[in-house]
file data_23.cif (mmCIF, C-alpha atoms)
data_work
loop_
_atom_site.label_atom_id
_atom_site.label_comp_id
_atom_site.auth_asym_id
_atom_site.auth_seq_id
_atom_site.Cartn_x
_atom_site.Cartn_y
_atom_site.Cartn_z
CA MET O 1 -45.42 6.69 4.96
CA LEU O 2 -41.62 6.42 4.97
CA GLU O 3 -41.32 9.33 2.55
CA LYS O 4 -43.19 11.55 5.00
CA TRP O 5 -40.90 10.51 7.84
CA LYS O 6 -37.76 11.07 5.80
CA SER O 7 -38.23 14.83 5.61
CA ARG O 8 -38.79 15.30 9.36
CA PRO O 9 -35.92 16.98 11.27
CA LEU O 10 -35.76 14.18 13.84
CA TYR O 11 -35.25 11.52 11.16
CA GLN O 12 -31.82 12.87 10.14
CA PRO O 13 -29.88 12.48 13.43
CA LEU O 14 -31.62 9.18 14.11
CA LEU O 15 -30.62 7.76 10.72
CA LEU O 16 -27.06 9.06 10.99
CA GLY O 17 -26.80 7.73 14.54
CA ALA O 18 -28.09 4.32 13.52
CA VAL O 19 -25.69 4.12 10.58
CA THR O 20 -22.63 5.11 12.64
CA LEU O 21 -23.67 2.69 15.38
CA LEU O 22 -23.95 -0.14 12.86
CA ALA O 23 -20.63 0.86 11.27
CA SER O 24 -18.84 0.93 14.63
CA ALA O 25 -20.37 -2.40 15.58
CA SER O 26 -19.22 -4.02 12.35
CA LEU O 27 -15.73 -2.51 12.75
CA ALA O 28 -15.48 -3.80 16.31
CA TRP O 29 -16.66 -7.22 15.20
CA ALA O 30 -14.19 -7.30 12.29
CA ALA O 31 -11.33 -6.17 14.54
CA SER O 32 -11.97 -8.92 17.07
CA ALA O 33 -12.53 -11.53 14.36
CA THR O 34 -9.22 -10.74 12.66
CA ARG O 35 -7.04 -9.95 15.69
CA GLU O 36 -5.71 -13.44 16.21
CA ALA O 37 -5.10 -14.16 12.53
CA ILE O 38 -3.27 -10.84 12.09
CA ALA O 39 -1.10 -11.49 15.15
CA GLN O 40 -0.24 -14.94 13.81
CA ALA O 41 0.59 -13.58 10.35
CA GLU O 42 2.82 -10.90 11.89
CA GLU O 43 4.56 -13.50 14.03
CA ARG O 44 5.22 -15.54 10.87
CA ASP O 45 6.56 -12.42 9.16
CA LEU O 46 8.86 -11.80 12.11
CA ARG O 47 10.29 -15.32 11.92
CA ASP O 48 10.81 -14.94 8.17
CA SER O 49 12.58 -11.60 8.56
CA LEU O 50 14.71 -12.87 11.45
CA ALA O 51 15.87 -15.69 9.18
CA GLN O 52 16.57 -13.16 6.41
CA VAL O 53 18.75 -10.70 8.33
CA LEU O 54 21.04 -13.41 9.65
CA PRO O 55 23.42 -15.26 7.34
CA GLU O 56 22.61 -18.95 7.05
CA GLY O 57 24.18 -21.00 9.82
CA PHE O 58 24.93 -17.98 11.96
CA ALA O 59 22.53 -18.98 14.68
CA ASP O 60 21.12 -22.36 15.72
CA ASN O 61 18.55 -21.23 18.30
CA ASP O 62 14.90 -20.27 17.89
CA LEU O 63 15.34 -16.53 17.62
CA ALA O 64 11.71 -15.52 18.04
CA ALA O 65 11.75 -17.31 21.40
CA ALA O 66 15.05 -15.73 22.51
CA ARG O 67 13.64 -12.28 23.03
CA ALA O 68 14.58 -9.82 25.72
CA GLU O 69 13.47 -6.29 26.59
CA ILE O 70 16.40 -3.91 27.04
CA ASP O 71 15.99 -0.58 28.80
CA THR O 72 18.06 1.94 26.84
CA GLY O 73 16.81 5.00 28.61
CA ALA O 74 14.32 5.69 25.81
CA ALA O 75 10.57 5.88 26.43
CA THR O 76 9.97 2.27 25.41
CA PRO O 77 12.38 -0.62 25.95
CA VAL O 78 13.98 -2.16 22.87
CA THR O 79 13.02 -5.72 22.00
CA VAL O 80 16.12 -7.75 21.19
CA TYR O 81 16.37 -11.26 19.75
CA ARG O 82 19.65 -12.92 20.68
CA ALA O 83 21.38 -15.17 18.17
CA ARG O 84 23.22 -18.11 19.71
CA ARG O 85 25.39 -20.81 18.22
CA ALA O 86 26.19 -23.79 20.39
CA GLY O 87 24.76 -21.91 23.35
CA VAL O 88 27.01 -18.85 23.00
CA VAL O 89 25.50 -15.46 22.11
CA ASN O 90 27.21 -14.22 18.94
CA GLY O 91 24.89 -11.47 17.76
CA ALA O 92 21.58 -9.72 18.24
CA VAL O 93 18.61 -8.71 16.10
CA PHE O 94 16.47 -5.70 16.97
CA LYS O 95 14.03 -3.21 15.48
CA VAL O 96 14.66 0.47 14.89
CA SER O 97 12.44 3.00 13.23
CA GLY O 98 12.93 6.13 11.19
CA LYS O 99 10.73 8.89 9.87
CA GLY O 100 10.37 8.50 6.11
CA TYR O 101 8.50 10.46 3.46
CA GLY O 102 5.19 8.68 4.05
CA GLY O 103 5.45 8.00 7.77
CA GLU O 104 7.24 5.58 10.03
CA ILE O 105 9.68 3.06 8.55
CA VAL O 106 10.25 0.02 10.76
CA ILE O 107 13.60 -1.64 10.21
CA LEU O 108 14.98 -4.93 11.49
CA MET O 109 18.76 -5.08 11.86
CA ALA O 110 21.16 -7.82 12.87
CA VAL O 111 24.49 -6.97 14.48
CA ASP O 112 27.32 -9.35 15.36
CA LYS O 113 29.25 -9.36 18.62
CA ALA O 114 31.84 -6.92 17.29
CA GLY O 115 29.22 -4.37 16.22
CA ALA O 116 29.27 -5.01 12.46
CA LEU O 117 25.97 -5.31 10.58
CA LEU O 118 24.96 -8.79 9.46
CA GLY O 119 21.87 -7.70 7.57
CA VAL O 120 19.07 -5.16 7.43
CA ARG O 121 15.44 -5.57 6.28
CA ILE O 122 12.44 -3.27 6.13
CA LEU O 123 9.47 -4.60 8.11
CA LYS O 124 6.92 -1.87 7.53
CA HIS O 125 6.79 1.38 5.57
CA SER O 126 4.40 3.58 3.64
CA GLU O 127 6.75 5.16 1.12
CA THR O 128 5.72 6.07 -2.43
CA PRO O 129 5.23 2.96 -4.60
CA GLY O 130 7.79 2.93 -7.41
CA LEU O 131 10.08 5.50 -5.79
CA GLY O 132 10.74 5.09 -2.08
CA ASP O 133 9.79 1.42 -1.93
CA LYS O 134 13.16 0.40 -3.37
CA ILE O 135 14.24 0.00 0.26
CA GLU O 136 12.37 -3.34 0.20
CA ALA O 137 14.62 -6.31 -0.49
CA GLU O 138 12.05 -7.64 -3.01
CA LYS O 139 12.26 -4.51 -5.15
CA SER O 140 15.95 -3.69 -5.20
CA ASN O 141 19.20 -4.90 -3.65
CA TRP O 142 19.95 -1.51 -2.09
CA ILE O 143 19.34 -2.81 1.43
CA ASP O 144 22.14 -5.38 1.00
CA ASN O 145 24.70 -2.54 1.03
CA PHE O 146 24.46 -2.45 4.81
CA ALA O 147 25.86 -5.95 5.41
CA GLY O 148 29.38 -5.91 6.80
CA LYS O 149 29.38 -2.20 7.63
CA ALA O 150 30.06 -0.92 11.14
CA LEU O 151 30.04 2.49 12.80
CA GLY O 152 33.71 3.24 12.10
CA THR O 153 33.98 1.68 8.62
CA ALA O 154 31.48 3.73 6.61
CA ALA O 155 30.28 7.30 6.18
CA TRP O 156 26.73 7.04 7.50
CA ALA O 157 24.85 9.28 5.08
CA VAL O 158 23.50 9.13 1.53
CA LYS O 159 25.90 10.13 -1.27
CA LYS O 160 24.12 13.47 -1.71
CA ASP O 161 25.10 14.32 1.87
CA GLY O 162 28.66 13.07 1.38
CA GLY O 163 28.11 9.53 2.67
CA ASP O 164 28.55 6.01 1.31
CA PHE O 165 24.95 5.06 0.53
CA ASP O 166 23.14 5.61 -2.77
CA GLN O 167 19.95 7.64 -2.79
CA PHE O 168 17.21 6.76 -5.30
CA ALA O 169 16.35 8.83 -8.31
CA GLY O 170 13.47 10.98 -7.15
CA ALA O 171 13.57 9.82 -3.55
CA THR O 172 16.26 11.00 -1.14
CA ILE O 173 14.23 11.31 2.04
CA THR O 174 13.48 7.58 2.25
CA PRO O 175 17.06 6.20 2.02
CA ARG O 176 18.29 9.06 4.21
CA ALA O 177 15.80 8.04 6.90
CA VAL O 178 16.84 4.38 6.68
CA VAL O 179 20.57 5.18 6.88
CA GLU O 180 19.98 7.50 9.86
CA ALA O 181 17.88 4.92 11.69
CA VAL O 182 20.39 2.12 11.14
CA LYS O 183 23.21 4.37 12.33
CA LYS O 184 21.24 5.22 15.47
CA GLY O 185 20.62 1.51 16.00
CA LEU O 186 24.36 0.81 15.83
CA GLU O 187 25.03 3.60 18.32
CA THR O 188 22.43 2.15 20.69
CA PHE O 189 24.08 -1.24 20.31
CA ALA O 190 27.52 0.21 21.08
CA ARG O 191 26.21 1.94 24.20
CA HIS O 192 24.26 -1.00 25.62
CA LYS O 193 26.28 -3.86 24.19
CA ALA O 194 26.58 -5.87 27.39
CA ALA O 195 22.86 -5.66 28.16
CA ILE O 196 21.82 -6.42 24.58
CA LEU O 197 24.04 -9.48 24.32
CA GLY O 198 23.01 -10.56 27.81
CA GLU O 199 26.54 -10.60 29.16
CA SER O 200 26.85 -10.03 32.87
CA SER O 201 28.69 -6.81 33.41
CA MET L 1 -27.55 -8.88 -21.58
CA SER L 2 -30.17 -6.21 -21.98
CA THR L 3 -29.39 -2.99 -23.81
CA ASN L 4 -29.53 -1.17 -20.49
CA ALA L 5 -26.80 -3.33 -18.97
CA MET L 6 -24.81 -3.02 -22.19
CA THR L 7 -24.92 0.76 -21.85
CA LEU L 8 -23.60 0.48 -18.28
CA VAL L 9 -20.71 -1.67 -19.49
CA LYS L 10 -19.82 0.75 -22.30
CA ASP L 11 -20.13 3.74 -19.98
CA GLY L 12 -17.83 2.21 -17.41
CA LEU L 13 -15.17 1.13 -19.87
CA TRP L 14 -15.18 4.08 -22.25
CA HIS L 15 -17.89 6.75 -22.54
CA ASN L 16 -18.06 7.60 -18.84
CA ASN L 17 -14.67 6.21 -17.74
CA VAL L 18 -13.81 7.27 -14.19
CA VAL L 19 -10.45 8.74 -15.17
CA PHE L 20 -10.81 9.76 -18.80
CA ALA L 21 -14.38 11.06 -18.83
CA GLN L 22 -15.48 11.82 -15.27
CA MET L 23 -11.96 13.03 -14.38
CA LEU L 24 -12.46 11.68 -10.87
CA ALA L 25 -9.95 9.89 -8.60
CA LEU L 26 -7.08 11.71 -10.27
CA CYS L 27 -5.11 11.92 -7.03
CA PRO L 28 -4.56 8.15 -6.58
CA THR L 29 -4.31 7.83 -10.37
CA MET L 30 -1.36 10.20 -10.53
CA ALA L 31 0.24 8.90 -7.35
CA VAL L 32 0.38 5.15 -7.92
CA THR L 33 0.80 4.77 -11.68
CA THR L 34 4.59 4.66 -11.58
CA SER L 35 4.40 1.14 -13.04
CA GLY L 36 1.89 -1.14 -14.68
CA ALA L 37 1.85 -3.53 -11.72
CA ASN L 38 1.12 -0.70 -9.26
CA GLY L 39 -1.73 0.53 -11.44
CA LEU L 40 -3.16 -2.98 -11.62
CA GLY L 41 -2.97 -3.43 -7.83
CA MET L 42 -4.70 -0.16 -7.09
CA GLY L 43 -7.29 -0.81 -9.80
CA LEU L 44 -8.22 -4.28 -8.51
CA ALA L 45 -8.45 -3.15 -4.88
CA THR L 46 -10.63 -0.20 -5.89
CA THR L 47 -12.87 -2.38 -8.06
CA ALA L 48 -13.58 -4.70 -5.12
CA VAL L 49 -14.51 -1.83 -2.81
CA LEU L 50 -16.51 -0.01 -5.49
CA LEU L 51 -18.53 -3.14 -6.23
CA VAL L 52 -19.46 -3.76 -2.59
CA SER L 53 -20.10 -0.10 -1.77
CA ASN L 54 -22.38 0.27 -4.81
CA VAL L 55 -24.43 -2.76 -3.76
CA LEU L 56 -24.69 -1.62 -0.13
CA VAL L 57 -25.70 1.91 -1.09
CA ALA L 58 -28.33 0.59 -3.50
CA LEU L 59 -29.67 -1.70 -0.76
CA ILE L 60 -30.18 1.10 1.78
CA ARG L 61 -31.16 3.81 -0.71
CA GLY L 62 -34.82 3.55 0.36
CA ILE L 63 -34.25 4.68 3.93
CA VAL L 64 -31.49 7.25 3.39
CA SER L 65 -32.84 10.77 3.33
CA GLU L 66 -31.67 13.49 0.98
CA GLN L 67 -30.27 15.66 3.81
CA VAL L 68 -27.80 13.24 5.40
CA ARG L 69 -26.97 10.97 2.46
CA ILE L 70 -23.37 12.19 2.04
CA PRO L 71 -22.23 11.51 5.65
CA VAL L 72 -24.05 8.17 5.57
CA PHE L 73 -22.21 7.13 2.39
CA ILE L 74 -18.86 8.33 3.74
CA VAL L 75 -19.25 6.35 6.98
CA LEU L 76 -20.29 3.31 4.96
CA ILE L 77 -17.34 3.49 2.55
CA ALA L 78 -14.73 4.24 5.22
CA SER L 79 -15.91 1.32 7.38
CA LEU L 80 -15.99 -0.96 4.38
CA VAL L 81 -12.42 -0.11 3.39
CA THR L 82 -11.22 -0.64 6.96
CA VAL L 83 -12.94 -4.03 7.18
CA VAL L 84 -11.47 -5.08 3.81
CA ASP L 85 -8.04 -3.94 5.03
CA MET L 86 -8.28 -6.00 8.22
CA ALA L 87 -9.70 -9.07 6.47
CA LEU L 88 -6.95 -9.03 3.83
CA ASN L 89 -4.31 -8.59 6.52
CA ALA L 90 -5.66 -11.55 8.46
CA TRP L 91 -6.47 -14.10 5.79
CA LEU L 92 -4.64 -13.05 2.63
CA HIS L 93 -1.54 -11.75 4.32
CA GLU L 94 0.80 -12.12 1.33
CA LEU L 95 -1.57 -10.14 -0.89
CA HIS L 96 -1.99 -7.55 1.84
CA LYS L 97 1.76 -6.97 1.93
CA VAL L 98 1.61 -5.99 -1.73
CA LEU L 99 -1.76 -4.20 -1.82
CA GLY L 100 -1.57 -2.77 1.72
CA LEU L 101 -0.07 0.44 0.42
CA PHE L 102 -3.06 1.08 -1.84
CA ILE L 103 -5.90 0.17 0.47
CA ALA L 104 -5.53 3.25 2.66
CA LEU L 105 -5.63 5.36 -0.50
CA ILE L 106 -9.05 3.96 -1.46
CA VAL L 107 -10.76 5.81 1.41
CA VAL L 108 -9.94 9.12 -0.24
CA ASN L 109 -10.95 7.89 -3.69
CA CYS L 110 -13.76 10.23 -4.66
CA ALA L 111 -14.80 7.94 -7.52
CA ILE L 112 -16.39 5.58 -5.00
CA LEU L 113 -18.41 8.32 -3.31
CA GLY L 114 -19.14 9.67 -6.79
CA ARG L 115 -20.68 6.40 -7.96
CA ALA L 116 -22.62 6.01 -4.69
CA GLU L 117 -24.08 9.48 -5.10
CA ALA L 118 -24.59 9.59 -8.87
CA PHE L 119 -25.66 6.03 -9.56
CA ALA L 120 -26.12 3.55 -6.72
CA SER L 121 -28.40 5.78 -4.63
CA ARG L 122 -30.83 6.05 -7.55
CA ASN L 123 -30.79 2.56 -9.05
CA ALA L 124 -31.66 -1.03 -8.22
CA VAL L 125 -29.11 -3.40 -6.72
CA GLY L 126 -28.49 -5.33 -9.95
CA ALA L 127 -27.76 -2.21 -11.98
CA ALA L 128 -25.55 -0.84 -9.19
CA PHE L 129 -23.60 -4.12 -9.21
CA ILE L 130 -22.94 -3.94 -12.96
CA ASP L 131 -22.10 -0.25 -12.72
CA GLY L 132 -19.64 -0.84 -9.86
CA LEU L 133 -17.96 -3.76 -11.61
CA PHE L 134 -17.44 -2.02 -14.95
CA MET L 135 -16.59 1.39 -13.50
CA GLY L 136 -13.94 -0.50 -11.52
CA ILE L 137 -12.64 -2.36 -14.58
CA GLY L 138 -12.58 0.90 -16.55
CA PHE L 139 -10.60 2.52 -13.74
CA THR L 140 -8.20 -0.44 -13.63
CA LEU L 141 -7.66 -0.27 -17.41
CA ALA L 142 -6.94 3.46 -17.25
CA LEU L 143 -4.45 2.98 -14.40
CA VAL L 144 -2.70 0.09 -16.13
CA VAL L 145 -2.37 2.02 -19.41
CA ILE L 146 -0.99 5.15 -17.72
CA GLY L 147 1.27 2.98 -15.57
CA LEU L 148 2.62 1.04 -18.55
CA ILE L 149 3.37 4.21 -20.54
CA ARG L 150 5.22 5.79 -17.62
CA GLU L 151 7.06 2.56 -16.82
CA MET L 152 8.07 1.99 -20.45
CA LEU L 153 9.46 5.51 -20.90
CA GLY L 154 10.71 5.95 -17.35
CA SER L 155 12.39 2.67 -16.48
CA GLY L 156 12.38 0.64 -19.71
CA THR L 157 10.35 -2.25 -18.34
CA LEU L 158 6.78 -3.53 -18.65
CA PHE L 159 4.86 -5.02 -15.71
CA ALA L 160 7.99 -5.21 -13.54
CA GLN L 161 7.21 -7.01 -10.24
CA ALA L 162 3.83 -8.16 -11.53
CA SER L 163 4.59 -11.63 -10.16
CA GLN L 164 4.66 -10.18 -6.63
CA LEU L 165 1.10 -9.03 -7.14
CA LEU L 166 -0.34 -11.93 -9.11
CA GLY L 167 1.86 -14.84 -8.07
CA ALA L 168 4.85 -16.54 -9.66
CA ASN L 169 2.72 -17.90 -12.55
CA PHE L 170 2.53 -14.41 -14.00
CA ALA L 171 6.28 -13.82 -14.15
CA PHE L 172 6.03 -14.08 -17.97
CA LEU L 173 4.33 -10.68 -18.00
CA GLU L 174 7.52 -8.99 -16.82
CA ILE L 175 9.42 -7.63 -19.80
CA ARG L 176 12.67 -5.73 -19.71
CA LEU L 177 12.89 -3.63 -22.88
CA HIS L 178 16.40 -2.29 -22.36
CA ASP L 179 18.86 -1.70 -19.53
CA ARG L 180 19.61 1.94 -20.13
CA GLY L 181 17.09 3.13 -17.59
CA GLY L 182 14.84 5.86 -18.92
CA ALA L 183 13.53 9.37 -18.60
CA LEU L 184 13.20 9.81 -14.85
CA LEU L 185 10.71 12.62 -15.48
CA MET L 186 8.11 10.03 -16.50
CA ILE L 187 8.29 8.32 -13.09
CA LEU L 188 8.04 11.65 -11.29
CA PRO L 189 4.71 13.51 -10.98
CA PRO L 190 5.10 15.55 -14.23
CA GLY L 191 5.20 12.25 -16.12
CA ALA L 192 1.78 11.39 -14.74
CA PHE L 193 0.31 14.66 -16.00
CA ALA L 194 1.98 14.26 -19.40
CA ALA L 195 0.82 10.66 -19.91
CA MET L 196 -2.66 11.54 -18.71
CA ALA L 197 -2.89 14.57 -21.02
CA PHE L 198 -1.84 12.67 -24.16
CA LEU L 199 -4.21 9.80 -23.40
CA LEU L 200 -7.07 12.22 -22.76
CA ALA L 201 -6.40 14.05 -26.02
CA GLY L 202 -6.20 10.72 -27.83
CA LYS L 203 -9.57 9.64 -26.46
CA ARG L 204 -11.15 12.91 -27.58
CA VAL L 205 -9.77 12.46 -31.11
CA LEU L 206 -11.11 8.90 -31.29
CA ASP L 207 -14.49 9.96 -29.93
CA LYS L 208 -14.73 12.71 -32.53
CA ARG L 209 -13.73 10.49 -35.43
CA PHE L 210 -16.15 7.69 -34.56
CA ALA L 211 -18.98 9.87 -33.32
CA PRO L 212 -22.27 8.95 -35.00
CA ALA L 213 -23.13 11.47 -37.72
CA ARG L 214 -25.80 13.85 -36.54
#
call {"tool": "encode", "arguments": {"input": "data_23.cif", "output": "structure tokens"}}
result
Amino acid sequence: MLEKWKSRPLYQPLLLGAVTLLASASLAWAASATREAIAQAEERDLRDSLAQVLPEGFADNDLAAARAEIDTGAATPVTVYRARRAGVVNGAVFKVSGKGYGGEIVILMAVDKAGALLGVRILKHSETPGLGDKIEAEKSNWIDNFAGKALGTAAWAVKKDGGDFDQFAGATITPRAVVEAVKKGLETFARHKAAILGESS
Amino acid sequence: MSTNAMTLVKDGLWHNNVVFAQMLALCPTMAVTTSGANGLGMGLATTAVLLVSNVLVALIRGIVSEQVRIPVFIVLIASLVTVVDMALNAWLHELHKVLGLFIALIVVNCAILGRAEAFASRNAVGAAFIDGLFMGIGFTLALVVIGLIREMLGSGTLFAQASQLLGANFAFLEIRLHDRGGALLMILPPGAFAAMAFLLAGKRVLDKRFAPAR
């Protein structure tokens, strides 16, 4: 009975339609079932990274709660987390992104009041495992080179391009993208310093 | 274990190994085997998906018609990988941070579609389960071996960063052979082809030597 049906022309689109319908339904169900847990996990990640980019004792406020949206003239406002100690803003943490070898690289950077970097961490990337992923703090200490540097105190390029930052053997595009993005972040900070730090101008 | 199941096990691990006999899934194989730990991560993630996709395909094989079987299997596998990706991200977030890179690559892994088409769509659920499991383990072994050879010659370590994948209890696996670095070529794509070629030749020699006399 079924075998006879299976060779009919009408059976094919019906079967394919039913399968895609079921697949979409299960995807929609899975997406809604995991949305909250994923958001929570990402929030936890954010708190962890915020704690990592700032030196210990630098801030005493809850950074994830001290967020502000700053309009920098770009298409989307920049989300900034202000670091305070004893109620005084002494630095800011914000995200920048660059275009790497495998897609977008999302970077979290912390800058002090004077515009010097406190720390940099990679939040998200899809670079080649074993080559480009050395930008992660867990895989190499390359990312620590940024701490203490400011716009005027370093040549913002990889060594191959005459700058101060090492490239990786077999992967130049990735570190180049990170250096570029961090430099752009510092420039944004310099331009919108008052707004980012929340000082009344 | 019946002789039939035993054949499936042997096929998956050696005689019909995904990488060394079927020569399938070579793209992810070449791309991720820059270290033993990477190979292991990709292998385990693939094994999980292969197992479930084989079972699902075997379950619905009765109603899937010859004409549209390929799109049906592709939709099934792609949805499955996406669901696994979301579930890992939500409930095993730490593992997802390590494996996340590999999961997207599984969608394009033709070995999974290959097993669905060549085996699961023609066999009972139990056999498809065993086939999926051991094809997956065979794939994992191949990836780990290629990864270890490239890592040993290319960076002078064995299983570096394995504790990130398996947890801190497995830190003993990480061995640093020397600090002089290594032949960068082995980490780069040519190293993958070279390691793969020598392993393939080695398997052929072994097969020839131990082939039953005819």
call {"tool": "residues_near_point", "arguments": {"input": "data_23.cif", "point": "(7.5, 0.3, -5.9)", "cutoff": "10 Å", "atoms": "only C-alpha atoms", "output": "PDB file with C-alpha atoms, in the coordinates of the input"}}
result
ATOM      1  CA  GLU O 127       6.750   5.160   1.120  1.00  0.00           C
ATOM      2  CA  THR O 128       5.720   6.070  -2.430  1.00  0.00           C
ATOM      3  CA  PRO O 129       5.230   2.960  -4.600  1.00  0.00           C
ATOM      4  CA  GLY O 130       7.790   2.930  -7.410  1.00  0.00           C
ATOM      5  CA  LEU O 131      10.080   5.500  -5.790  1.00  0.00           C
ATOM      6  CA  GLY O 132      10.740   5.090  -2.080  1.00  0.00           C
ATOM      7  CA  ASP O 133       9.790   1.420  -1.930  1.00  0.00           C
ATOM      8  CA  LYS O 134      13.160   0.400  -3.370  1.00  0.00           C
ATOM      9  CA  ILE O 135      14.240   0.000   0.260  1.00  0.00           C
ATOM     10  CA  GLU O 136      12.370  -3.340   0.200  1.00  0.00           C
ATOM     11  CA  GLU O 138      12.050  -7.640  -3.010  1.00  0.00           C
ATOM     12  CA  LYS O 139      12.260  -4.510  -5.150  1.00  0.00           C
ATOM     13  CA  SER O 140      15.950  -3.690  -5.200  1.00  0.00           C
TER      14      SER O 140
ATOM     15  CA  VAL L  32       0.380   5.150  -7.920  1.00  0.00           C
ATOM     16  CA  THR L  33       0.800   4.770 -11.680  1.00  0.00           C
ATOM     17  CA  THR L  34       4.590   4.660 -11.580  1.00  0.00           C
ATOM     18  CA  SER L  35       4.400   1.140 -13.040  1.00  0.00           C
ATOM     19  CA  ALA L  37       1.850  -3.530 -11.720  1.00  0.00           C
ATOM     20  CA  ASN L  38       1.120  -0.700  -9.260  1.00  0.00           C
ATOM     21  CA  VAL L  98       1.610  -5.990  -1.730  1.00  0.00           C
ATOM     22  CA  LEU L 101      -0.070   0.440   0.420  1.00  0.00           C
ATOM     23  CA  ALA L 160       7.990  -5.210 -13.540  1.00  0.00           C
ATOM     24  CA  GLN L 161       7.210  -7.010 -10.240  1.00  0.00           C
TER      25      GLN L 161
END
call {"tool": "axis_aligned_box", "arguments": {"input": "data_23.cif", "around": "stretch 155-174 of chain O", "padding_each_side": "8 Å", "output": "JSON"}}
result
{"center_x": 21.9, "center_y": 9.7, "center_z": -0.4, "size_x": 32.8, "size_y": 25.3, "size_z": 31.8}
call {"tool": "residues_near_point", "arguments": {"input": "data_23.cif", "point": "(-26.6, 2.3, 5.3)", "cutoff": "9 Å", "atoms": "only C-alpha atoms", "output": "PyMOL selection string"}}
result
(chain O and resi 15-16+18-20+22-23) or (chain L and resi 56-57+59-61+63-64+72-73+75-76)
call {"tool": "atom_distance", "arguments": {"input": "data_23.cif", "atom1": "atom CA of O:Glu42", "atom2": "atom CA of L:Thr82"}}
result
18.1 Å
call {"tool": "atom_distance", "arguments": {"input": "data_23.cif", "atom1": "atom CA of L:Cys27", "atom2": "atom CA of L:Ile130"}}
result
24.6 Å
call {"tool": "closest_residue", "arguments": {"input": "data_23.cif", "among": "O:Arg47, O:Arg82, O:Lys183, O:Lys124", "to": "chain L", "atoms": "all atoms listed in the file"}}
result
O:Lys124
call {"tool": "closest_residue", "arguments": {"input": "data_23.cif", "among": "O:Val89, O:Ala28, O:Ala114, O:Val78", "to": "chain L", "atoms": "only C-alpha atoms"}}
result
O:Ala28
call {"tool": "interface_residues", "arguments": {"input": "data_23.cif", "of": "chain O", "to": "chain L", "cutoff": "6 Å", "atoms": "only C-alpha atoms", "output": "NGL selection string"}}
result
:O and (6 or 34 or 37-38 or 130)
call {"tool": "closest_residue", "arguments": {"input": "data_23.cif", "among": "O:Pro77, O:Gln52, O:Gly170, O:Gly57", "to": "O:Ala137", "atoms": "all atoms listed in the file"}}
result
O:Gln52
call {"tool": "atom_distance", "arguments": {"input": "data_23.cif", "atom1": "atom CA of O:Lys184", "atom2": "atom CA of O:Val96"}}
result
8.1 Å
call {"tool": "resolve_selection", "arguments": {"input": "data_23.cif", "expression": "the PyMOL selection byres ((chain O and resi 105) around 10)", "output": "list of chain:residue names"}}
result
O:Val96, O:Ser97, O:Gly98, O:Lys99, O:Gly100, O:Tyr101, O:Gly102, O:Gly103, O:Glu104, O:Val106, O:Ile107, O:Ile122, O:Leu123, O:Lys124, O:His125, O:Ser126, O:Glu127, O:Ile135, O:Thr174, O:Ala177, O:Val178, O:Ala181
call {"tool": "write_last_selection", "arguments": {"input": "data_23.cif", "atoms": "C-alpha atoms", "output": "PDB file, in the frame of the given file"}}
result
ATOM      1  CA  VAL O  96      14.660   0.470  14.890  1.00  0.00           C
ATOM      2  CA  SER O  97      12.440   3.000  13.230  1.00  0.00           C
ATOM      3  CA  GLY O  98      12.930   6.130  11.190  1.00  0.00           C
ATOM      4  CA  LYS O  99      10.730   8.890   9.870  1.00  0.00           C
ATOM      5  CA  GLY O 100      10.370   8.500   6.110  1.00  0.00           C
ATOM      6  CA  TYR O 101       8.500  10.460   3.460  1.00  0.00           C
ATOM      7  CA  GLY O 102       5.190   8.680   4.050  1.00  0.00           C
ATOM      8  CA  GLY O 103       5.450   8.000   7.770  1.00  0.00           C
ATOM      9  CA  GLU O 104       7.240   5.580  10.030  1.00  0.00           C
ATOM     10  CA  VAL O 106      10.250   0.020  10.760  1.00  0.00           C
ATOM     11  CA  ILE O 107      13.600  -1.640  10.210  1.00  0.00           C
ATOM     12  CA  ILE O 122      12.440  -3.270   6.130  1.00  0.00           C
ATOM     13  CA  LEU O 123       9.470  -4.600   8.110  1.00  0.00           C
ATOM     14  CA  LYS O 124       6.920  -1.870   7.530  1.00  0.00           C
ATOM     15  CA  HIS O 125       6.790   1.380   5.570  1.00  0.00           C
ATOM     16  CA  SER O 126       4.400   3.580   3.640  1.00  0.00           C
ATOM     17  CA  GLU O 127       6.750   5.160   1.120  1.00  0.00           C
ATOM     18  CA  ILE O 135      14.240   0.000   0.260  1.00  0.00           C
ATOM     19  CA  THR O 174      13.480   7.580   2.250  1.00  0.00           C
ATOM     20  CA  ALA O 177      15.800   8.040   6.900  1.00  0.00           C
ATOM     21  CA  VAL O 178      16.840   4.380   6.680  1.00  0.00           C
ATOM     22  CA  ALA O 181      17.880   4.920  11.690  1.00  0.00           C
TER      23      ALA O 181
END
call {"tool": "residues_around", "arguments": {"input": "data_23.cif", "residues": "L:Leu51", "least_positions_apart": "6", "cutoff": "6 Å", "atoms": "all atoms listed in the file", "output": "ChimeraX atom specification"}}
result
/L:129,132-133
call {"tool": "write_last_selection", "arguments": {"input": "data_23.cif", "atoms": "C-alpha atoms", "output": "compact mmCIF listing (two decimals), in the coordinates of the input"}}
result
# COMPACT_ATOMS: atom_id res chain seq x y z
CA PHE L 129 -23.60 -4.12 -9.21
CA GLY L 132 -19.64 -0.84 -9.86
CA LEU L 133 -17.96 -3.76 -11.61
